[in-house]
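Participant: As input, take structure_15.csv (CSV, C-alpha atoms):
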```csv
chain,number,residue,atom,x,y,z
W,192,MET,CA,5.4,8.6,-46.0
W,193,GLN,CA,5.4,6.7,-49.2
W,194,THR,CA,8.0,4.0,-49.5
W,195,THR,CA,9.2,5.5,-52.9
W,196,ASP,CA,9.7,8.9,-51.1
W,197,LEU,CA,11.7,7.1,-48.4
W,198,ILE,CA,13.9,5.5,-51.0
W,199,ASP,CA,14.5,8.9,-52.6
W,200,ARG,CA,15.5,10.3,-49.3
W,201,LEU,CA,17.8,7.4,-48.4
W,202,ALA,CA,19.4,7.6,-51.9
W,203,ALA,CA,20.0,11.3,-51.4
W,204,ASP,CA,21.7,10.6,-48.1
W,205,LEU,CA,24.1,8.0,-49.6
W,206,HIS,CA,27.8,8.5,-49.2
W,207,PRO,CA,30.6,6.1,-49.9
W,208,THR,CA,31.3,3.5,-47.2
W,209,SER,CA,34.8,2.3,-46.7
W,210,PRO,CA,35.3,-1.5,-46.3
W,211,GLY,CA,36.5,-1.4,-42.7
W,212,ALA,CA,34.1,1.3,-41.5
W,213,ALA,CA,32.2,-1.0,-39.1
W,214,TRP,CA,35.3,-2.4,-37.5
W,215,LYS,CA,36.9,1.0,-37.2
W,216,ASN,CA,34.0,1.8,-34.8
W,217,LEU,CA,34.8,-1.2,-32.7
W,218,ALA,CA,38.5,-0.5,-32.7
W,219,VAL,CA,38.0,3.1,-31.6
W,220,ALA,CA,35.6,2.0,-28.9
W,221,LEU,CA,38.1,-0.5,-27.6
W,222,SER,CA,41.0,2.0,-27.6
W,223,VAL,CA,39.0,4.8,-25.9
W,224,GLY,CA,37.6,2.4,-23.3
W,225,SER,CA,41.0,0.8,-22.6
W,226,VAL,CA,42.7,4.2,-22.2
W,227,VAL,CA,40.0,5.3,-19.8
W,228,ALA,CA,40.3,2.1,-17.8
W,229,LEU,CA,44.1,2.4,-17.7
W,230,GLY,CA,43.7,6.0,-16.5
W,231,ALA,CA,41.3,4.9,-13.8
W,232,ALA,CA,43.7,2.1,-12.7
W,233,CYS,CA,46.6,4.6,-12.5
W,234,VAL,CA,44.6,7.0,-10.4
W,235,SER,CA,43.3,4.4,-8.0
W,236,PHE,CA,46.4,2.2,-7.6
W,237,GLY,CA,49.0,4.8,-8.0
W,238,LYS,CA,52.3,3.9,-9.6
W,239,GLY,CA,52.0,0.5,-8.0
W,240,ASN,CA,54.7,-2.1,-8.4
W,241,ASP,CA,58.0,-1.7,-10.1
W,242,PHE,CA,56.9,-2.3,-13.7
W,243,ALA,CA,60.3,-3.1,-15.1
W,244,ALA,CA,60.9,-5.8,-12.4
W,245,MET,CA,57.4,-7.2,-13.0
W,246,LEU,CA,58.1,-7.6,-16.7
W,247,LEU,CA,60.7,-10.2,-15.7
W,248,THR,CA,58.2,-12.3,-13.7
W,249,SER,CA,56.5,-15.2,-15.3
W,250,SER,CA,53.3,-14.6,-13.5
W,251,LEU,CA,52.7,-11.3,-15.4
W,252,TRP,CA,53.2,-13.0,-18.7
W,253,MET,CA,50.9,-15.9,-17.7
W,254,LYS,CA,48.2,-13.3,-16.9
W,255,TRP,CA,48.7,-11.4,-20.1
W,256,ALA,CA,48.7,-14.6,-22.1
W,257,TYR,CA,45.4,-15.6,-20.5
W,258,ALA,CA,43.9,-12.1,-21.0
W,259,LEU,CA,45.0,-12.0,-24.6
W,260,GLY,CA,43.7,-15.4,-25.3
W,261,VAL,CA,40.2,-14.6,-23.9
W,262,SER,CA,40.2,-11.1,-25.6
W,263,ALA,CA,41.0,-12.6,-29.0
W,264,ALA,CA,38.2,-15.2,-28.7
W,265,ALA,CA,35.7,-12.7,-27.3
W,266,LEU,CA,36.6,-10.1,-30.0
W,267,SER,CA,36.2,-12.6,-32.8
W,268,LEU,CA,32.8,-13.6,-31.4
W,269,CYS,CA,31.8,-10.0,-30.9
W,270,ALA,CA,32.8,-9.0,-34.5
W,271,ARG,CA,30.9,-12.0,-35.9
W,272,LEU,CA,27.7,-11.2,-33.9
W,273,ALA,CA,27.9,-7.5,-35.0
W,274,ARG,CA,26.8,-8.6,-38.5
W,275,PRO,CA,23.1,-9.4,-38.8
W,276,GLU,CA,23.7,-12.8,-40.4
W,277,GLY,CA,26.6,-13.7,-38.1
W,278,ALA,CA,26.1,-17.1,-36.5
W,279,PRO,CA,28.2,-17.8,-33.5
W,280,GLY,CA,29.2,-21.3,-34.7
W,281,ALA,CA,31.9,-22.8,-32.5
W,282,LEU,CA,33.3,-19.4,-31.5
W,283,PRO,CA,31.7,-19.4,-28.0
W,284,PHE,CA,33.7,-22.6,-27.3
W,285,LEU,CA,36.9,-20.8,-28.3
W,286,LEU,CA,36.5,-18.8,-25.1
W,287,GLY,CA,36.9,-22.0,-23.2
W,288,VAL,CA,40.3,-22.8,-24.7
W,289,PRO,CA,42.5,-20.4,-22.7
W,290,LEU,CA,40.4,-21.3,-19.6
W,291,LEU,CA,41.1,-25.0,-20.1
W,292,MET,CA,44.8,-24.4,-20.7
W,293,LEU,CA,45.3,-22.2,-17.7
W,294,GLY,CA,43.2,-24.7,-15.7
W,295,ALA,CA,45.5,-27.5,-16.6
W,296,ILE,CA,48.5,-25.4,-15.5
W,297,ALA,CA,46.8,-24.7,-12.2
W,298,LEU,CA,46.1,-28.3,-11.6
W,299,MET,CA,49.8,-29.2,-12.2
W,300,GLU,CA,50.7,-26.4,-9.9
W,301,VAL,CA,48.6,-27.6,-7.0
W,302,ALA,CA,49.1,-31.3,-7.5
W,303,GLY,CA,50.9,-32.9,-4.6
W,304,LEU,CA,50.5,-29.9,-2.3
W,305,PRO,CA,48.9,-30.4,1.1
W,306,ALA,CA,45.3,-29.1,1.3
W,307,ASP,CA,46.1,-25.9,3.3
W,308,GLU,CA,48.8,-24.9,1.0
W,309,ARG,CA,46.6,-25.5,-2.0
W,310,ARG,CA,44.0,-23.3,-0.4
W,311,ALA,CA,46.5,-20.5,0.4
W,312,LEU,CA,47.7,-20.6,-3.3
W,313,TRP,CA,44.1,-20.5,-4.6
W,314,LEU,CA,42.9,-17.7,-2.4
W,315,GLY,CA,46.1,-15.6,-2.4
W,316,ARG,CA,45.7,-12.4,-0.5
W,317,THR,CA,43.3,-10.6,-2.8
W,318,ALA,CA,40.8,-13.2,-3.9
W,319,VAL,CA,37.8,-11.1,-2.6
W,320,MET,CA,38.7,-7.8,-4.3
W,321,CYS,CA,40.2,-9.2,-7.6
W,322,PRO,CA,37.0,-10.0,-9.5
W,323,TRP,CA,35.3,-6.8,-8.5
W,324,THR,CA,38.3,-4.7,-9.4
W,325,ILE,CA,38.5,-6.3,-12.8
W,326,ALA,CA,34.8,-5.8,-13.3
W,327,ALA,CA,35.0,-2.2,-12.3
W,328,LEU,CA,37.9,-1.5,-14.7
W,329,ALA,CA,35.9,-3.2,-17.4
W,330,ILE,CA,33.0,-0.7,-17.2
W,331,PRO,CA,34.4,2.0,-19.5
W,332,ILE,CA,35.5,-0.6,-22.1
W,333,PHE,CA,32.1,-2.4,-21.8
W,334,VAL,CA,30.1,0.8,-22.3
W,335,ALA,CA,32.2,1.8,-25.3
W,336,VAL,CA,31.9,-1.6,-27.0
W,337,LEU,CA,28.1,-1.6,-26.4
W,338,LEU,CA,27.8,1.9,-27.9
W,339,ALA,CA,29.8,0.7,-30.9
W,340,LEU,CA,27.6,-2.4,-31.2
W,341,ARG,CA,24.5,-0.4,-31.2
W,342,GLN,CA,25.7,1.3,-34.5
W,343,LEU,CA,26.2,-2.2,-36.0
W,344,ALA,CA,23.5,-4.9,-36.4
W,345,PRO,CA,23.6,-7.6,-33.8
W,346,THR,CA,20.6,-9.9,-34.2
W,347,ARG,CA,21.5,-12.1,-31.2
W,348,PRO,CA,21.6,-9.4,-28.6
W,349,ARG,CA,22.1,-11.5,-25.5
W,350,LEU,CA,25.1,-13.4,-26.9
W,351,ALA,CA,26.5,-10.2,-28.4
W,352,GLY,CA,26.1,-8.6,-24.9
W,353,PHE,CA,28.0,-11.6,-23.4
W,354,SER,CA,30.8,-11.3,-25.9
W,355,ALA,CA,31.1,-7.6,-25.3
W,356,GLY,CA,31.2,-8.1,-21.5
W,357,CYS,CA,33.8,-10.9,-21.8
W,358,LEU,CA,35.9,-8.8,-24.1
W,359,ALA,CA,35.8,-5.8,-21.8
W,360,GLY,CA,36.5,-8.1,-18.8
W,361,ALA,CA,39.5,-9.7,-20.5
W,362,ILE,CA,41.1,-6.4,-21.4
W,363,ALA,CA,40.5,-5.1,-17.9
W,364,ALA,CA,42.1,-8.3,-16.5
W,365,GLY,CA,45.2,-7.5,-18.6
W,366,LEU,CA,45.3,-4.0,-17.2
W,367,TYR,CA,44.8,-5.2,-13.6
W,368,ALA,CA,47.7,-7.7,-14.0
W,369,ILE,CA,50.1,-4.8,-13.9
W,370,TYR,CA,49.0,-4.0,-10.4
W,371,CYS,CA,48.3,-7.6,-9.1
W,372,LYS,CA,50.9,-9.3,-6.9
W,373,GLU,CA,49.4,-12.7,-7.0
W,374,THR,CA,51.5,-15.4,-8.7
W,375,ALA,CA,49.5,-18.6,-8.7
W,376,ALA,CA,47.8,-20.0,-11.8
W,377,ALA,CA,45.1,-21.4,-9.6
W,378,PHE,CA,44.4,-17.8,-8.4
W,379,VAL,CA,44.3,-16.4,-11.9
W,380,VAL,CA,42.1,-19.1,-13.4
W,381,THR,CA,39.5,-18.6,-10.7
W,382,TRP,CA,39.4,-15.0,-9.8
W,383,TYR,CA,40.4,-13.4,-13.1
W,384,THR,CA,37.9,-15.6,-14.8
W,385,ALA,CA,35.2,-14.5,-12.3
W,386,GLY,CA,36.2,-10.8,-13.1
W,387,ILE,CA,35.8,-11.5,-16.8
W,388,LEU,CA,32.5,-13.4,-16.5
W,389,LEU,CA,30.9,-10.7,-14.3
W,390,PRO,CA,30.6,-8.2,-17.1
W,391,GLY,CA,29.8,-11.1,-19.5
W,392,LEU,CA,26.8,-12.0,-17.3
W,393,VAL,CA,25.7,-8.3,-17.2
W,394,GLY,CA,25.9,-8.3,-21.0
W,395,VAL,CA,23.5,-11.3,-21.2
W,396,LEU,CA,21.1,-9.6,-18.8
W,397,ILE,CA,21.0,-6.2,-20.5
W,398,GLY,CA,21.8,-7.2,-24.1
W,399,SER,CA,18.3,-7.6,-25.3
W,400,ARG,CA,17.4,-4.1,-24.1
W,401,VAL,CA,20.6,-2.2,-24.8
W,402,LEU,CA,21.4,-3.8,-28.2
W,403,ARG,CA,17.9,-3.3,-29.8
W,404,TRP,CA,17.7,-1.4,-33.0
S,73,MET,CA,18.0,-17.3,-57.0
S,74,SER,CA,21.8,-17.1,-57.5
S,75,GLU,CA,21.0,-14.6,-60.4
S,76,VAL,CA,19.1,-12.4,-58.0
S,77,GLU,CA,21.9,-12.7,-55.5
S,78,SER,CA,24.6,-11.7,-57.9
S,79,ARG,CA,22.5,-8.8,-59.3
S,80,LEU,CA,21.7,-7.5,-55.8
S,81,LYS,CA,25.2,-7.9,-54.6
S,82,GLU,CA,26.5,-6.0,-57.6
S,83,LEU,CA,24.1,-3.2,-56.8
S,84,MET,CA,25.2,-3.2,-53.2
S,85,LEU,CA,28.8,-3.0,-54.0
S,86,LEU,CA,28.1,0.0,-56.3
S,87,SER,CA,26.0,1.6,-53.6
S,88,LEU,CA,28.8,1.2,-51.0
S,89,GLY,CA,31.0,3.0,-53.5
S,90,GLY,CA,28.5,5.9,-53.5
S,91,ASP,CA,26.5,5.2,-56.7
S,92,GLY,CA,23.1,6.7,-56.0
S,93,MET,CA,21.4,5.2,-59.1
S,94,ALA,CA,22.4,1.7,-58.2
S,95,TYR,CA,21.4,2.3,-54.6
S,96,ARG,CA,17.9,3.5,-55.6
S,97,GLU,CA,17.5,0.4,-57.8
S,98,LEU,CA,18.7,-1.8,-55.0
S,99,LEU,CA,16.3,-0.3,-52.4
S,100,SER,CA,13.4,-0.5,-54.9
S,101,LYS,CA,14.1,-4.2,-55.6
S,102,LEU,CA,14.5,-4.9,-51.9
S,103,SER,CA,11.2,-3.1,-51.0
S,104,VAL,CA,9.3,-5.4,-53.4
S,105,ARG,CA,10.8,-8.4,-51.8
S,106,LEU,CA,10.4,-7.1,-48.3
S,107,ARG,CA,6.7,-6.3,-48.9
S,108,ALA,CA,6.0,-9.8,-50.2
S,109,TYR,CA,7.9,-11.2,-47.2
S,110,TYR,CA,6.1,-9.2,-44.5
S,111,ARG,CA,2.7,-9.6,-46.2
S,112,ARG,CA,3.1,-13.4,-46.3
S,113,ARG,CA,4.1,-13.5,-42.6
S,114,LEU,CA,1.6,-11.0,-41.3
S,115,GLY,CA,-1.4,-11.7,-43.5
S,116,GLN,CA,-2.4,-9.8,-46.6
S,117,GLY,CA,-4.5,-7.2,-44.9
S,118,CYS,CA,-2.0,-6.2,-42.2
S,119,SER,CA,-1.4,-2.5,-42.4
S,120,ASP,CA,1.9,-2.7,-40.5
S,121,ALA,CA,3.6,-4.6,-43.3
S,122,GLU,CA,4.5,-1.3,-45.2
S,123,ASP,CA,5.8,0.2,-41.9
S,124,LEU,CA,8.1,-2.8,-41.5
S,125,VAL,CA,9.3,-2.4,-45.1
S,126,GLN,CA,10.3,1.1,-44.4
S,127,GLU,CA,11.9,0.3,-41.0
S,128,THR,CA,14.0,-2.4,-42.7
S,129,LEU,CA,15.0,-0.1,-45.5
S,130,ILE,CA,16.1,2.5,-42.9
S,131,ALA,CA,18.0,-0.1,-40.9
S,132,ILE,CA,19.7,-1.4,-44.1
S,133,HIS,CA,20.7,2.2,-44.9
S,134,ALA,CA,22.0,3.1,-41.4
S,135,ARG,CA,23.8,-0.2,-40.9
S,136,ARG,CA,25.1,-0.9,-44.5
S,137,ALA,CA,28.7,-0.8,-43.1
S,138,THR,CA,28.1,-4.2,-41.5
S,139,PHE,CA,27.9,-5.8,-44.9
S,140,ASP,CA,31.0,-7.9,-45.5
S,141,ARG,CA,32.0,-7.5,-49.2
S,142,THR,CA,33.4,-11.0,-49.3
S,143,GLN,CA,30.0,-12.5,-48.2
S,144,LEU,CA,26.7,-13.0,-49.9
S,145,PHE,CA,24.2,-10.2,-50.0
S,146,THR,CA,20.8,-11.9,-49.6
S,147,PRO,CA,21.6,-13.6,-46.3
S,148,TRP,CA,22.7,-10.2,-44.9
S,149,ALA,CA,19.5,-8.4,-46.1
S,150,TYR,CA,17.3,-11.3,-45.0
S,151,ALA,CA,18.8,-11.3,-41.5
S,152,MET,CA,17.9,-7.6,-41.2
S,153,ALA,CA,14.3,-8.3,-42.4
S,154,ARG,CA,13.9,-11.2,-40.1
S,155,TYR,CA,15.2,-9.3,-37.1
S,156,LYS,CA,12.7,-6.5,-37.8
S,157,LEU,CA,9.9,-9.1,-38.1
S,158,VAL,CA,10.9,-10.7,-34.8
S,159,ASP,CA,11.1,-7.3,-33.1
S,160,TYR,CA,7.7,-6.4,-34.5
S,161,LEU,CA,6.1,-9.6,-33.3
S,162,ARG,CA,7.6,-9.1,-29.8
S,163,ARG,CA,6.4,-5.6,-29.7
S,164,SER,CA,2.9,-6.4,-30.9
S,165,ARG,CA,2.7,-9.2,-28.3
S,166,VAL,CA,3.5,-6.7,-25.6
S,167,ARG,CA,0.9,-4.4,-27.1
S,168,ALA,CA,-1.7,-7.2,-27.1
S,169,ALA,CA,-0.9,-8.1,-23.5
S,170,VAL,CA,-1.3,-4.4,-22.5
S,171,SER,CA,-4.6,-4.1,-24.2
S,172,MET,CA,-6.0,-7.2,-22.5
S,173,ASP,CA,-4.9,-5.9,-19.1
S,174,ASP,CA,-6.5,-2.6,-19.9
S,175,CYS,CA,-9.8,-4.4,-20.7
S,176,GLU,CA,-9.9,-6.2,-17.4
S,177,GLU,CA,-9.0,-3.1,-15.5
S,178,PHE,CA,-11.7,-1.3,-17.5
S,179,CYS,CA,-14.4,-3.8,-16.6
S,180,ALA,CA,-13.4,-3.8,-12.9
S,181,MET,CA,-13.5,0.0,-12.9
S,182,ASP,CA,-17.0,-0.2,-14.2
S,183,GLU,CA,-18.2,-2.1,-11.2
S,184,THR,CA,-16.4,-0.4,-8.4
S,185,GLU,CA,-15.4,3.1,-9.3
S,186,GLN,CA,-18.4,4.0,-11.4
S,187,ALA,CA,-20.8,2.6,-8.7
S,188,ALA,CA,-19.0,4.6,-6.1
S,189,ALA,CA,-19.2,7.7,-8.3
S,190,SER,CA,-23.0,7.3,-8.7
S,191,ARG,CA,-23.4,6.7,-4.9
S,192,ASP,CA,-21.5,10.0,-4.4
S,193,VAL,CA,-23.8,11.8,-6.7
S,194,ASP,CA,-26.9,10.4,-5.0
S,195,SER,CA,-25.6,11.3,-1.5
S,196,LEU,CA,-24.8,14.9,-2.7
S,197,LEU,CA,-28.2,15.4,-4.3
S,198,SER,CA,-30.0,14.1,-1.2
S,199,ARG,CA,-28.7,17.1,0.6
S,200,LEU,CA,-30.6,19.5,-1.7
S,201,PRO,CA,-34.3,20.4,-1.5
S,202,ASN,CA,-36.4,18.1,-3.6
S,203,ALA,CA,-37.2,20.7,-6.3
S,204,MET,CA,-33.5,21.4,-6.9
S,205,SER,CA,-32.3,17.8,-6.9
S,206,GLU,CA,-35.1,16.7,-9.2
S,207,ALA,CA,-34.4,19.4,-11.7
S,208,ILE,CA,-30.6,18.6,-11.7
S,209,ARG,CA,-31.2,14.9,-12.0
S,210,LEU,CA,-33.6,15.3,-14.9
S,211,THR,CA,-31.4,17.7,-16.9
S,212,ARG,CA,-27.8,17.1,-15.9
S,213,ILE,CA,-27.8,13.4,-15.2
S,214,GLU,CA,-30.6,12.0,-17.4
S,215,GLY,CA,-29.8,14.6,-20.1
S,216,ARG,CA,-33.4,15.9,-20.7
S,217,SER,CA,-34.1,19.3,-22.0
S,218,ILE,CA,-35.2,22.1,-19.7
S,219,ALA,CA,-38.7,22.1,-21.3
S,220,ASP,CA,-39.0,18.4,-20.8
S,221,ALA,CA,-38.0,18.6,-17.2
S,222,ALA,CA,-40.3,21.5,-16.6
S,223,GLN,CA,-43.2,19.5,-18.0
S,224,ARG,CA,-42.4,16.5,-15.8
S,225,THR,CA,-42.1,18.5,-12.6
S,226,GLY,CA,-45.1,20.7,-13.5
S,227,LYS,CA,-43.2,23.9,-13.1
S,228,SER,CA,-42.3,26.7,-15.5
S,229,ALA,CA,-39.1,26.5,-17.6
S,230,ALA,CA,-37.8,29.6,-15.8
S,231,ALA,CA,-38.4,28.1,-12.4
S,232,THR,CA,-36.6,24.9,-13.4
S,233,LYS,CA,-33.6,26.9,-14.6
S,234,VAL,CA,-33.4,28.8,-11.3
S,235,SER,CA,-33.6,25.5,-9.4
S,236,ILE,CA,-30.8,24.0,-11.4
S,237,HIS,CA,-28.7,27.1,-11.0
S,238,ARG,CA,-29.2,27.4,-7.3
S,239,GLY,CA,-28.8,23.6,-6.8
S,240,LEU,CA,-25.5,23.5,-8.6
S,241,LEU,CA,-24.3,26.5,-6.6
S,242,ARG,CA,-25.2,24.8,-3.4
S,243,LEU,CA,-23.6,21.6,-4.5
S,244,ALA,CA,-20.4,23.5,-5.2
S,245,ARG,CA,-20.5,25.0,-1.7
S,246,LEU,CA,-21.2,21.6,-0.1
S,247,GLN,CA,-18.3,20.1,-1.9
S,248,ALA,CA,-16.0,23.0,-1.0
S,249,ALA,CA,-16.9,22.5,2.6
S,250,GLY,CA,-15.9,18.8,2.4
S,251,ALA,CA,-19.4,17.5,3.0
S,252,LEU,CA,-18.7,14.5,0.8
S,253,ASP,CA,-15.6,13.5,2.7
S,254,ALA,CA,-17.4,13.9,6.0
S,255,ASP,CA,-20.1,11.6,4.7
S,256,ASP,CA,-17.6,8.7,4.0
```
As C-alpha cells, please, write out the structure in this file.
Facilitator:
Amino acid sequence: MQTTDLIDRLAADLHPTSPGAAWKNLAVALSVGSVVALGAACVSFGKGNDFAAMLLTSSLWMKWAYALGVSAAALSLCARLARPEGAPGALPFLLGVPLLMLGAIALMEVAGLPADERRALWLGRTAVMCPWTIAALAIPIFVAVLLALRQLAPTRPRLAGFSAGCLAGAIAAGLYAIYCKETAAAFVVTWYTAGILLPGLVGVLIGSRVLRW
Amino acid sequence: MSEVESRLKELMLLSLGGDGMAYRELLSKLSVRLRAYYRRRLGQGCSDAEDLVQETLIAIHARRATFDRTQLFTPWAYAMARYKLVDYLRRSRVRAAVSMDDCEEFCAMDETEQAAASRDVDSLLSRLPNAMSEAIRLTRIEGRSIADAAQRTGKSAAATKVSIHRGLLRLARLQAAGALDADD
C-alpha cells in the first residue's frame, strides 16, 4: 500500500480522543483486576477475621500505608513509562522510600530483643505462604494492567513490566492485609515486599515479549 | 525547530479534537520526516524504510491517546519512531541469525543427506537388470532424452521406454516390500 493511501485511511478512521483516554484504560484495568483479586480472596479465605475489630489494630494500618505507598510509587512509574517518551528519572527510587521507612520501623521494633524473639517476630507463623499468596492475588491485577499497557506505548518494556508487577503486587498486598494476622513490621517489610517483588520480577522477565507493539 | 514543533503540536491538538484535515496534514508532514529518518539510519537503498514509515504512522494513530497535551509533540513522535527502528533492527538481527544458521544446515545437509540419498538410489538400481538400471539412470537421473539414451545403449527408443517403465515398476515394488530398509 502507498503511504498516501495509508494516510487517507487513517484520517478516515479518526475520531476525537478525550484528554484522559489513556489513563482511563489503566484505571479500568486496575479496578477490574482488584475486584477479581478481592473476590478470589473472599472465596479462598472465607469471611476471615472480624473486619471491624481489625480496623482498630495498628498493624492493619501499617500494612495499608505500606501497600498504598508502594502502589502510588509504582503507579506513577507505570503511567510515566506508558508514554513513549517517558523517562523513568528518579521514579524507580521512589519505590524504595516506603521500603526504607518500614525497614526503619522494623529495626526499632526488633532492637534490644533477644535473637530468638527477633526471629519469631520476623518469621511469624505465615512467612512461607505470605509472599506466594500475595503474588497469586496479584495475578488478575497484573494481567489487567499488562493488557492496558499493551494499548499504550511503553518503549522500555522491561521496566514497564516491573512497574506493572510491583503495582499489582502492592494492591494485592493491601487486599491480603485484611486476612493477615501477623502484626510485626519486620514481618511485613520482608514477606510483603517479597510478595510485591515476585510479580515485579516476572514483569521484568516477560516485559520485552508481552509489551511489544 | 521550535517553529516545526509548534506547528506539529497545533496540528496534533486539532487532530485529537477530531479534525480530519489537520490530521491528514500532520501525517503527511510526519511521513516526510520519518522517511528521511529511516533512510538515514538504514541506508538510502533499504526497501524496508517505507514499511517502517507506515508502521510508525499506524502506531501513532493507534496510540495517539498516549500523547500528553501539556508536553511537546516532537519528542513523543520521535520516541515512537525510534522504538520502531530499534524493534526493526532487533527483528532483522534475528532474521540474519536465522538465515546464517540455515546456510550452515544447508551445507551440512549437502554432505550427509544428499550423499545418503544417492547411495540409496545406487543400491536400489543395482537390484535391477542392467538394461533397466542403465535406461533409468540415463533418462531419469542424468536427464537425457529417450532418443539419446537409446543411441547410447544401442537399443531402439521403444525398447528403452519399456525398460524404463518396467524398471520403475519393479523399483516401486522393491520399495513397497521394504527392500531398502532391509539393506540398511
Participant: For chain W against chain S, with a cut-off of 7 Å and counting all atoms listed in the file, what is the closest atom pair and its distance in Å to one decimal for every residue that makes the cut, ordered by chain and number, as CSV?
Facilitator:
```
residue,atom,partner,partner_atom,distance
W:Thr194,CA,S:Gln126,CA,6.3
W:Ile198,CA,S:Arg96,CA,6.4
W:Leu201,CA,S:His133,CA,6.9
W:Ala202,CA,S:Gly92,CA,5.6
W:Leu205,CA,S:Gly90,CA,6.2
W:His206,CA,S:Gly90,CA,5.1
W:Pro207,CA,S:Gly90,CA,4.2
W:Thr208,CA,S:Leu88,CA,5.1
W:Ala212,CA,S:Ala137,CA,6.0
W:Ala213,CA,S:Ala137,CA,5.3
W:Arg274,CA,S:Thr138,CA,5.5
W:Pro275,CA,S:Ala151,CA,5.4
W:Glu276,CA,S:Ala151,CA,5.2
W:Gln342,CA,S:Arg135,CA,6.8
W:Leu343,CA,S:Arg135,CA,5.8
W:Ala344,CA,S:Arg135,CA,6.5
W:Thr346,CA,S:Tyr155,CA,6.2
```
Participant: Work out how far atom CA of W:Ile296 is from atom CA of W:Leu358, in Å to one decimal.
Facilitator: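 Taking atom CA of W:Leu358 and atom CA of W:Ile296, their separation equals 22.5 Å.
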Participant: Please measure the separation of atom CA of S:Asp220 and atom CA of S:Thr232, giving the value in Å to one decimal.
Facilitator: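 Those two atoms sit 10.1 Å apart.
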Participant: Provide the atom CA of W:Ala329 to atom CA of W:Pro390 distance in Å, to one decimal place.
Facilitator: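 We find that atom CA of W:Ala329 and atom CA of W:Pro390 lie 7.3 Å from each other.
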Participant: Near S:Ile218, counting all atoms listed in the file, which residues have an atom at most 8 Å away, once you skip same-chain residues fewer than 5 positions from it, shown as a PyMOL selection string?
Facilitator: chain S and resi 211+229+232-233
Participant: Residues as selected, C-alpha atoms, written as a PDB file, in the coordinates of the input, can you do that?
Facilitator:
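The result, stored in again-v9.pdb:
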```pdb
ATOM      1  CA  THR S 211     -31.400  17.700 -16.900  1.00  0.00           C
ATOM      2  CA  ALA S 229     -39.100  26.500 -17.600  1.00  0.00           C
ATOM      3  CA  THR S 232     -36.600  24.900 -13.400  1.00  0.00           C
ATOM      4  CA  LYS S 233     -33.600  26.900 -14.600  1.00  0.00           C
TER       5      LYS S 233
END
```
